[in-house]
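Colleague: Below is the structure I would like to discuss, written out as structure tokens.
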Amino acid sequence: MKVKIAATIFFLLGTILFLINVLASKQKYTKVLADFDIINLGEIEKNSKEMAVGSFYLKNCGKNNLNIYQLERDCICTDYSVSDPIVFPNDSVKVLVIYDKRNPGYFSHYIKVHCNSENSPYIFTIIGTIVDNTD
């Protein structure tokens with residue numbers, strides 16, 4: 001009889017600990033608003049000192065902190081920088097996007113932002129044309 005009671009208590013404690021772990025690890029989502037999803041850099045001369053740089057803002061419109069877990073790019077020719085990976089409610093974060101302008105011609109690449117929003121990842125496209133005027 002004591003073994004049955006001990007087994008039942010052990011089972012109940014294990015179940016309670018499991019449920020506490022599940023509830024504690026549940027993702028707290030927030031709402032995110034982006035100012036736009038296409039960054040058009042226009043025409044940039046290949047040999048100019050001007051950098052091929054654009055940016056976009058993400059606003060945390062929810063009640064929980066916005067946590068940016070990862071930024072992903074489709075090409076090593078594109079780089080990025082985020083000012084802060086944690087954004088408090090009603091604050092915004094700037095994401096800077098830089099394109100390596102070595103290769104002339106039209107380009108179109110993306111940056112994916114993975115975060116704690118139900119709509120994650122957010123995909124931003126950077127487009128433009130690098131013009132080679134050395135002829």
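Residue numbering restarts at 1 for every chain of the structure tokens, chains are lettered A, B, ... in their displayed order, and ligands are numbered from 1 as they appear.
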Report as a ChimeraX atom specification all protein, DNA and RNA residues lying within 12 Å of A:Ile127, evaluated on only C-alpha atoms, omitting residues in the same chain fewer than 4 positions from it.

Modeller: /A:37-44,52-54,78,97-99,101,105-111

Colleague: Would you mind telling me which residue in A:Leu58, A:Glu72, A:Thr30, A:Asn119 lies nearest to A:Val93 when using only C-alpha atoms?

Modeller: A:Leu58

Colleague: Need to verify the contact set: A:Asp35, 12 Å, only C-alpha atoms, exclusion of same-chain residues closer than 3 positions in sequence. Can you return it as a list in words?

Modeller: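 In the requested format, the answer is Val32, Ile38, Ile39, Ser55, Phe56, Tyr57, Leu58, Lys59, Asn60, Ser92, Val93, Lys94, Val95, Tyr122 and Phe124 of chain A.
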
Colleague: Would you kindly return, as a count of residues only, each protein, DNA or RNA residue with an atom no farther than 9 Å from any atom of A:Tyr29, considering only C-alpha atoms and excluding same-chain residues fewer than 4 positions away?

Modeller: 9

Colleague: Would you work out the distance separating atom CA of A:Ser48 from atom CA of A:Thr134, expressed in Å to one decimal?

Modeller: 10.7 Å

Colleague: Point out the residue among A:Ala34, A:Cys61, A:Ile76, A:Met51 with the least atom-to-atom distance to A:Val113, counting only C-alpha atoms.

Modeller: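 Looking at the shortest contact to A:Val113, the residue is A:Ala34.
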
Colleague: Calculate how many Å separate atom CA of A:His114 from atom CA of A:Gln70, rounding to one decimal.

Modeller: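 Atom-to-atom, atom CA of A:His114 to atom CA of A:Gln70, that is 5.1 Å.
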